[in-house]
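Coordinates as given in run.cif (mmCIF, C-alpha atoms):
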data_target
#
loop_
_atom_site.label_atom_id
_atom_site.label_comp_id
_atom_site.auth_asym_id
_atom_site.auth_seq_id
_atom_site.Cartn_x
_atom_site.Cartn_y
_atom_site.Cartn_z
CA MET W 27 4.60 -9.16 23.16
CA PRO W 28 1.71 -11.09 21.56
CA ASN W 29 2.04 -14.88 21.58
CA ARG W 30 2.84 -15.12 17.86
CA ALA W 31 5.52 -12.45 18.18
CA ALA W 32 6.94 -14.14 21.27
CA VAL W 33 7.21 -17.44 19.40
CA ALA W 34 8.85 -15.69 16.45
CA PHE W 35 11.24 -13.90 18.80
CA GLY W 36 12.22 -17.15 20.53
CA ALA W 37 12.68 -18.94 17.23
CA SER W 38 14.80 -16.09 15.88
CA ILE W 39 17.03 -16.10 18.97
CA ALA W 40 17.48 -19.88 18.63
CA ALA W 41 18.30 -19.54 14.93
CA ALA W 42 20.84 -16.81 15.61
CA LEU W 43 22.57 -18.88 18.28
CA ARG W 44 22.42 -22.00 16.11
CA GLY W 45 24.11 -20.09 13.31
CA GLU W 46 27.02 -19.25 15.58
CA GLU W 47 27.35 -22.86 16.69
CA GLU W 48 27.62 -24.05 13.12
CA THR W 49 30.45 -21.64 12.36
CA ASP W 50 32.31 -22.35 15.58
CA GLY W 51 33.73 -25.68 14.48
CA GLU W 52 34.01 -26.92 18.07
CA ARG W 53 31.89 -29.40 19.92
CA GLN W 54 29.46 -27.61 22.23
CA PRO W 55 28.19 -28.83 25.59
CA ALA W 56 24.82 -30.55 25.69
CA ALA W 57 21.84 -28.24 25.50
CA ARG W 58 20.10 -26.90 28.53
CA SER W 59 16.35 -26.63 28.67
CA GLY W 60 14.72 -23.44 27.42
CA ALA W 61 11.86 -21.75 29.22
CA ILE W 62 9.60 -18.84 28.40
CA GLY W 63 9.22 -16.53 31.39
CA SER W 64 6.28 -14.17 31.00
CA GLY W 65 5.54 -12.90 34.48
CA THR W 66 7.07 -11.81 37.72
CA ARG W 67 9.27 -14.19 39.67
CA ALA W 68 9.49 -16.37 36.56
CA ALA W 69 13.03 -17.48 37.30
CA GLY W 70 12.29 -19.22 40.58
CA GLY W 71 9.80 -21.84 41.64
CA GLY W 72 10.37 -25.41 40.51
CA PRO W 73 13.88 -25.09 39.02
CA LEU W 74 15.19 -23.42 42.17
CA ARG W 75 13.56 -25.88 44.56
CA ALA W 76 14.68 -28.85 42.48
CA LYS W 77 18.22 -27.44 42.27
CA HIS W 78 18.13 -27.74 38.48
CA HIS W 79 18.45 -24.03 37.77
CA ASP W 80 21.73 -24.55 35.92
CA ARG W 81 19.84 -26.54 33.26
CA PHE W 82 17.54 -23.70 32.30
CA LEU W 83 17.99 -20.71 30.01
CA TRP W 84 15.23 -18.12 30.09
CA VAL W 85 13.63 -16.23 27.21
CA ALA W 86 11.30 -13.68 28.79
CA SER W 87 8.55 -11.35 27.61
CA ASP W 88 8.26 -7.63 28.29
CA SER W 89 6.40 -8.27 31.56
CA TRP W 90 9.80 -9.37 32.89
CA GLY W 91 11.71 -6.78 30.86
CA ALA W 92 14.60 -5.21 32.78
CA LYS W 93 12.88 -5.23 36.16
CA VAL W 94 14.64 -6.00 39.42
CA HIS W 95 11.88 -7.78 41.34
CA PRO W 96 11.54 -10.87 39.07
CA VAL W 97 15.17 -11.79 39.84
CA ARG W 98 15.61 -10.44 43.35
CA ASN W 99 17.40 -12.95 45.64
CA GLN W 100 17.65 -15.48 42.80
CA GLU W 101 19.96 -13.70 40.40
CA HIS W 102 22.04 -16.85 39.92
CA VAL W 103 18.94 -18.64 38.58
CA ALA W 104 18.19 -15.89 36.04
CA GLU W 105 21.78 -15.44 34.88
CA GLY W 106 21.91 -15.53 31.09
CA ALA W 107 18.18 -14.77 30.68
CA ILE W 108 17.24 -12.99 27.45
CA THR W 109 14.50 -10.40 27.94
CA ILE W 110 12.83 -7.64 25.95
CA LEU W 111 11.43 -4.16 26.53
CA PRO W 112 9.35 -2.10 24.09
CA GLN W 113 11.23 0.81 22.59
CA ARG W 114 9.38 3.81 23.91
CA THR W 115 9.52 7.55 24.48
CA THR W 116 7.57 9.71 26.90
CA VAL W 117 4.49 11.59 25.69
CA PRO W 118 5.12 15.36 25.81
CA GLY W 119 2.55 17.23 27.89
CA PHE W 120 1.19 14.13 29.63
CA ASP W 121 3.19 14.67 32.83
CA GLU W 122 1.90 18.22 33.25
CA TYR W 123 -1.66 17.06 32.61
CA PHE W 124 -1.50 14.06 34.96
CA LYS W 125 0.12 15.89 37.86
CA LEU W 126 -2.65 18.49 37.82
CA LEU W 127 -5.43 15.90 38.14
CA ARG W 128 -7.32 15.73 41.43
CA PRO W 129 -9.96 13.30 42.71
CA TRP W 130 -13.44 14.41 43.51
CA VAL W 131 -13.98 14.71 47.28
CA ARG W 132 -17.67 15.63 47.43
CA PRO W 133 -20.31 14.15 45.12
CA GLY W 134 -21.20 17.67 43.99
CA ASP W 135 -17.72 18.18 42.58
CA CYS W 136 -18.82 16.36 39.44
CA ARG W 137 -22.26 17.95 39.17
CA SER W 138 -23.58 21.41 38.46
CA GLY W 139 -24.42 23.58 41.46
CA LYS W 140 -22.60 25.32 44.28
CA SER W 141 -19.68 22.90 44.37
CA ARG W 142 -19.09 23.32 40.67
CA LYS W 143 -19.23 27.11 40.99
CA ARG W 144 -16.73 26.93 43.85
CA ASN W 145 -14.37 24.83 41.73
CA ILE W 146 -14.69 27.22 38.81
CA MET W 147 -13.77 30.11 41.12
CA ASN W 148 -10.75 28.13 42.33
CA ASN W 149 -9.77 27.46 38.69
CA ASN W 150 -9.60 23.68 39.19
CA ILE W 151 -12.84 22.49 37.59
CA ASN W 152 -10.95 21.01 34.63
CA ASN W 153 -8.54 19.15 36.92
CA ILE W 154 -11.09 17.11 38.89
CA ASN W 155 -11.07 13.63 37.40
CA CYS W 156 -14.72 12.62 37.20
CA ARG W 157 -14.25 10.33 34.19
CA ASN W 158 -11.98 7.64 35.61
CA VAL W 159 -13.89 5.54 38.15
CA TRP W 160 -10.63 4.06 39.49
CA PHE W 161 -8.82 7.36 40.06
CA ARG W 162 -9.92 7.71 43.69
CA GLU W 163 -8.77 4.16 44.40
CA PHE W 164 -5.40 4.98 42.84
CA TRP W 165 -5.21 8.15 44.93
CA SER W 166 -6.05 6.31 48.16
CA GLN W 167 -3.36 3.69 47.60
CA LEU W 168 -0.75 6.21 46.53
CA PHE W 169 -1.18 8.50 49.54
CA ASN W 170 -2.35 5.85 52.04
CA CYS W 171 -5.54 7.75 52.79
CA THR W 172 -9.29 7.17 52.54
CA PHE W 173 -12.34 8.96 51.16
CA ASP W 174 -14.61 6.90 53.44
CA LYS W 175 -16.11 9.20 56.08
CA THR W 176 -17.03 6.21 58.24
CA ASP W 177 -13.39 5.09 58.50
CA ARG W 178 -12.30 6.74 61.73
CA ALA W 179 -8.91 5.07 61.85
CA GLY W 180 -7.64 5.97 58.38
CA ASN W 181 -6.16 9.25 57.19
CA ARG W 182 -8.69 11.30 55.24
CA CYS W 183 -7.83 12.20 51.65
CA SER W 184 -8.06 15.93 51.08
CA GLY W 185 -7.63 15.75 47.31
CA ARG W 186 -4.87 18.35 47.62
CA GLU W 187 -2.02 15.89 48.11
CA GLU W 188 0.90 16.49 45.75
CA LEU W 189 2.39 13.96 43.33
CA THR W 190 6.09 14.22 44.09
CA LYS W 191 7.56 10.79 43.30
CA TYR W 192 6.17 10.47 39.80
CA LYS W 193 7.51 8.85 36.64
CA GLN W 194 5.53 8.39 33.45
CA GLU W 195 4.44 4.77 33.01
CA GLY W 196 6.18 3.24 30.00
CA LEU W 197 2.92 2.01 28.44
CA VAL W 198 1.39 5.51 28.18
CA PRO W 199 2.37 6.09 24.52
CA PHE W 200 0.93 2.70 23.56
CA VAL W 201 -2.36 3.50 25.29
CA VAL W 202 -2.50 6.84 23.48
CA ASP W 203 -1.83 5.10 20.15
CA ALA W 204 -4.57 2.55 20.93
CA VAL W 205 -7.10 5.35 21.49
CA TYR W 206 -6.05 7.02 18.24
CA ALA W 207 -6.35 3.70 16.39
CA LEU W 208 -9.96 3.37 17.54
CA ALA W 209 -10.67 7.01 16.67
CA HIS W 210 -9.23 6.59 13.16
CA ALA W 211 -11.25 3.40 12.67
CA LEU W 212 -14.50 5.06 13.78
CA HIS W 213 -13.78 8.07 11.56
CA ASN W 214 -13.19 5.85 8.52
CA MET W 215 -16.22 3.68 9.28
CA ILE W 216 -18.61 6.62 9.68
CA LEU W 217 -17.27 8.23 6.52
CA ALA W 218 -17.71 5.00 4.55
CA LYS W 219 -21.18 4.16 5.87
CA CYS W 220 -22.68 7.62 6.23
CA GLY W 221 -20.89 9.63 3.53
CA SER W 222 -19.84 12.33 6.01
CA ILE W 223 -18.70 12.63 9.62
CA ARG W 224 -22.25 12.50 10.95
CA LEU W 225 -23.68 9.41 12.61
CA CYS W 226 -26.40 7.89 10.45
CA ASP W 227 -29.11 5.26 11.04
CA GLU W 228 -26.96 2.50 9.53
CA LEU W 229 -24.61 2.72 12.52
CA ARG W 230 -27.22 3.23 15.22
CA PRO W 231 -27.42 2.45 18.05
CA VAL W 232 -23.77 1.36 17.88
CA PRO W 233 -21.48 0.04 15.10
CA ALA W 234 -21.25 -3.74 14.70
CA GLY W 235 -18.24 -5.02 16.64
CA GLN W 236 -16.81 -7.40 14.03
CA GLU W 237 -17.16 -4.80 11.30
CA LEU W 238 -15.50 -2.14 13.45
CA LEU W 239 -12.67 -4.59 14.17
CA GLN W 240 -11.92 -4.80 10.44
CA TYR W 241 -11.64 -1.02 10.26
CA ILE W 242 -9.31 -1.04 13.28
CA ARG W 243 -7.06 -3.61 11.60
CA ASN W 244 -6.86 -1.45 8.48
CA VAL W 245 -5.76 1.81 10.14
CA SER W 246 -2.33 3.24 9.48
CA PHE W 247 -1.01 6.46 11.02
CA ILE W 248 2.06 7.99 12.67
CA GLY W 249 1.78 7.55 16.42
CA LYS W 250 3.10 9.50 19.39
CA GLN W 251 6.50 7.84 19.08
CA LYS W 252 6.87 9.06 15.47
CA ARG W 253 6.45 5.53 14.13
CA GLN W 254 3.82 4.02 11.92
CA VAL W 255 1.00 2.31 13.81
CA ARG W 256 -0.55 -0.55 11.85
CA PHE W 257 -1.64 -4.16 12.28
CA ASP W 258 -0.69 -7.32 10.39
CA GLU W 259 -3.02 -9.99 9.01
CA ASN W 260 -3.23 -11.58 12.48
CA GLY W 261 -4.24 -8.33 14.16
CA ASP W 262 -0.86 -7.88 15.87
CA ALA W 263 0.74 -4.45 16.02
CA THR W 264 4.24 -3.87 14.69
CA GLY W 265 6.82 -4.68 17.35
CA PHE W 266 9.79 -2.49 18.32
CA TYR W 267 11.84 -3.93 21.18
CA ASN W 268 15.25 -3.68 22.80
CA ILE W 269 16.73 -7.08 23.65
CA TYR W 270 18.62 -7.53 26.92
CA GLN W 271 20.56 -10.25 28.66
CA PHE W 272 20.85 -10.60 32.43
CA GLN W 273 24.58 -10.96 33.05
CA LYS W 274 27.08 -11.12 35.88
CA ARG W 275 30.03 -8.81 35.38
CA ASP W 276 32.66 -8.03 38.01
CA GLY W 277 30.52 -9.73 40.63
CA LYS W 278 27.40 -7.62 39.88
CA TYR W 279 24.24 -8.65 38.04
CA GLU W 280 22.85 -6.23 35.46
CA TYR W 281 20.76 -6.15 32.28
CA TYR W 282 22.81 -5.38 29.18
CA GLN W 283 21.38 -4.57 25.76
CA ILE W 284 22.47 -7.09 23.13
CA GLY W 285 20.19 -6.30 20.20
CA GLU W 286 16.90 -5.04 18.79
CA TRP W 287 13.68 -6.35 17.32
CA VAL W 288 12.32 -3.92 14.73
CA GLU W 289 9.53 -5.85 13.00
CA SER W 290 12.02 -8.74 12.95
CA LEU W 291 15.22 -9.72 14.70
CA ASN W 292 18.17 -7.51 13.78
CA ASN W 293 21.38 -6.24 15.33
CA LEU W 294 21.66 -9.21 17.73
CA SER W 295 25.26 -9.16 18.93
CA THR W 296 26.17 -12.65 20.13
CA SER W 297 29.63 -11.35 21.02
CA LYS W 298 28.05 -9.29 23.83
CA MET W 299 26.39 -12.34 25.37
CA LYS W 300 27.73 -13.90 28.56
CA TRP W 301 26.50 -17.17 29.98
CA ARG W 302 26.50 -18.80 33.36
CA GLY W 303 30.02 -19.56 34.52
CA ASP W 304 31.43 -16.32 33.02
CA THR W 305 31.77 -17.85 29.57
CA ASN W 306 31.17 -16.46 26.09
CA THR W 307 30.67 -19.94 24.67
CA THR W 308 27.12 -20.16 23.35
CA PRO W 309 25.20 -23.13 24.79
CA SER W 310 24.06 -25.69 22.27
CA SER W 311 20.49 -25.30 21.07
CA ILE W 312 20.07 -28.97 20.12
CA CYS W 313 19.20 -31.78 22.50
CA SER W 314 22.19 -33.96 21.56
CA THR W 315 24.83 -34.24 18.88
CA PRO W 316 24.40 -36.82 16.09
CA CYS W 317 26.10 -40.19 16.57
CA PRO W 318 29.26 -40.79 14.49
CA LEU W 319 29.07 -43.32 11.67
CA GLY W 320 28.82 -46.87 13.01
CA LYS W 321 27.78 -45.82 16.53
CA ILE W 322 24.45 -46.14 18.37
CA ARG W 323 23.11 -43.94 21.12
CA ASN W 324 23.62 -45.09 24.70
CA TYR W 325 20.65 -43.91 26.77
CA GLN W 326 21.07 -43.26 30.46
CA VAL W 327 18.11 -43.27 32.86
CA SER W 328 18.50 -42.48 36.58
CA GLY W 329 22.23 -43.11 36.43
CA LYS W 330 21.88 -46.52 34.73
CA HIS W 331 22.87 -47.29 31.16
CA ARG W 332 20.42 -49.08 28.89
#
Re-express the file's structure as structure tokens.
Amino acid sequence: MPNRAAVAFGASIAAALRGEEETDGERQPAARSGAIGSGTRAAGGGPLRAKHHDRFLWVASDSWGAKVHPVRNQEHVAEGAITILPQRTTVPGFDEYFKLLRPWVRPGDCRSGKSRKRNIMNNNINNINCRNVWFREFWSQLFNCTFDKTDRAGNRCSGREELTKYKQEGLVPFVVDAVYALAHALHNMILAKCGSIRLCDELRPVPAGQELLQYIRNVSFIGKQKRQVRFDENGDATGFYNIYQFQKRDGKYEYYQIGEWVESLNNLSTSKMKWRGDTNTTPSSICSTPCPLGKIRNYQVSGKHR
């Protein structure tokens, strides 16, 4: 989630919880600190070492999402965390395409000549991935093999290994939409500058970056997930997210969906939220309650009143 959207999401969550507090009519416990967790292992570190984890409530980005490894062995620290995941669907046809890809093994595999003729005869010339310079590195790591002929100790990659444990990465549809956004922008820019879909001198040798960026921000089309792809005045794409909370139920920790973000916060069910200590009472989102009439605040520092 872009920074502006993350801030809006956090503010909306706080407003939703604050609204429930105001209708509750009961005095709430003092607020705990809030923290934005954006990466892996966000729930540990300082709070865990300082034994202050019970003072923190986490609002996490989609890099935390509903993953297991950010909370592994510190589930009690992350309990009550609110996280998000983009709403997404798989791209039809991508799995078949990706599982047929093979790395090049010999330099000639990507050039014309005998190797290319051999690949054509074997009907796999279109499957050798010569475009992606990182594909061989991916292949080596996945199958624990090497393309380096000088490495006598490692297992040699044959290029015929089979992808068996495969699941489509959740960001694939967003990458596809990003490519289409650039293609639509280039199409519109060439048409506007050249009068037809033929590159003219005005755009040679390449289009101006800032000008192309304006065309990108003005595109609007239906993407692979059957939703409109467009950008706001800040250049941020429209956000569609599922909202989860990390809860402990019947002694087990799980992520449970509690709402959605569809361009804005909606369908947030505070009744589905559970907080540390197996309570449904929403923690206060203010630092302290106002003093009653005729009273002054009594500050306490390091256990001493002042």
Residues returned when the PyMOL selection byres ((chain W and resi 129) around 8) runs on this file, as an mmCIF file with C-alpha atoms, keeping the file's coordinate frame:
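Result went into result38.cif, see below:
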data_model
loop_
_atom_site.group_PDB
_atom_site.id
_atom_site.type_symbol
_atom_site.label_atom_id
_atom_site.label_comp_id
_atom_site.auth_asym_id
_atom_site.auth_seq_id
_atom_site.Cartn_x
_atom_site.Cartn_y
_atom_site.Cartn_z
ATOM 1 C CA LEU W 127 -5.430 15.900 38.140
ATOM 2 C CA ARG W 128 -7.320 15.730 41.430
ATOM 3 C CA TRP W 130 -13.440 14.410 43.510
ATOM 4 C CA VAL W 131 -13.980 14.710 47.280
ATOM 5 C CA ILE W 154 -11.090 17.110 38.890
ATOM 6 C CA ASN W 155 -11.070 13.630 37.400
ATOM 7 C CA CYS W 156 -14.720 12.620 37.200
ATOM 8 C CA PHE W 161 -8.820 7.360 40.060
ATOM 9 C CA ARG W 162 -9.920 7.710 43.690
ATOM 10 C CA TRP W 165 -5.210 8.150 44.930
ATOM 11 C CA GLY W 185 -7.630 15.750 47.310
#
One decimal, in Å: what's the spacing between atom CA of W:Pro231 and atom CA of W:His210?
19.3 Å
Rank W:Asn214, W:Asn181, W:Thr116, W:Asn293 by their smallest atom-to-atom distance to W:Glu195, using all atoms listed in the file, and report the top residue only.
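Among W:Asn214, W:Asn181, W:Thr116, W:Asn293, it is W:Thr116 that comes nearest to W:Glu195.
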Top pick for closest residue to W:Gln273, considering W:Ala179, W:Ala104, W:Ala207, W:Val159 and counting only C-alpha atoms:
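When distances to W:Gln273 are compared using only C-alpha atoms, the smallest one comes from W:Ala104.
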Between atom CA of W:Phe272 and atom CA of W:Thr109, distance in Å (one decimal)
7.8 Å
Nearest to W:Thr115: which of W:Leu197, W:Val85, W:Ala263, W:Ile242 is it, counting all atoms listed in the file?
W:Leu197
How would you write as a VMD selection string the residues that get within 9 Å of (23.4, -14.7, 41.2) in the file's frame, counting all atoms listed in the file?
chain W and resid 97 99 to 105 274 277 to 279
Residues in the PyMOL selection byres ((chain W and resi 288) around 9), expressed as a list of chain:residue names:
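Given this file, the PyMOL selection byres ((chain W and resi 288) around 9) evaluates to W:Thr264, W:Gly265, W:Phe266, W:Tyr267, W:Asn268, W:Glu286, W:Trp287, W:Glu289, W:Ser290, W:Leu291, W:Asn292.
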Work out how far apart atom CA of W:Asn170 and atom CA of W:Glu188 are and give it in Å to one decimal.
12.8 Å
Counting only C-alpha atoms, the option among W:Trp84, W:Tyr282, W:Tyr206, W:Tyr123 closest to W:Ser246
W:Tyr206
Just checking: using only C-alpha atoms, which residue out of W:Val205, W:Ile110, W:Cys171, W:Ala218 ends up closest to W:Arg186?
W:Cys171
How big is the axis-aligned box, and where does its centre sit, when it encloses all atoms of stretch 320-325 of chain W listed in the file and has 4 Å added on every side, reported in Å to one decimal as AutoDock Vina command-line options?
--center_x 24.7 --center_y -45.4 --center_z 19.9 --size_x 16.2 --size_y 11.0 --size_z 21.8
Report as a PyMOL selection string all protein, DNA and RNA residues lying within 10 Å of W:Arg224, evaluated on only C-alpha atoms, omitting residues in the same chain fewer than 6 positions from it.
chain W and resi 213+216-217
Using all atoms listed in the file, which of the listed residues (W:Ile322, W:Ala86, W:Val117, W:Leu189) sits closest to W:Lys250?
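Answer, going by the shortest atom-to-atom distance: W:Val117.
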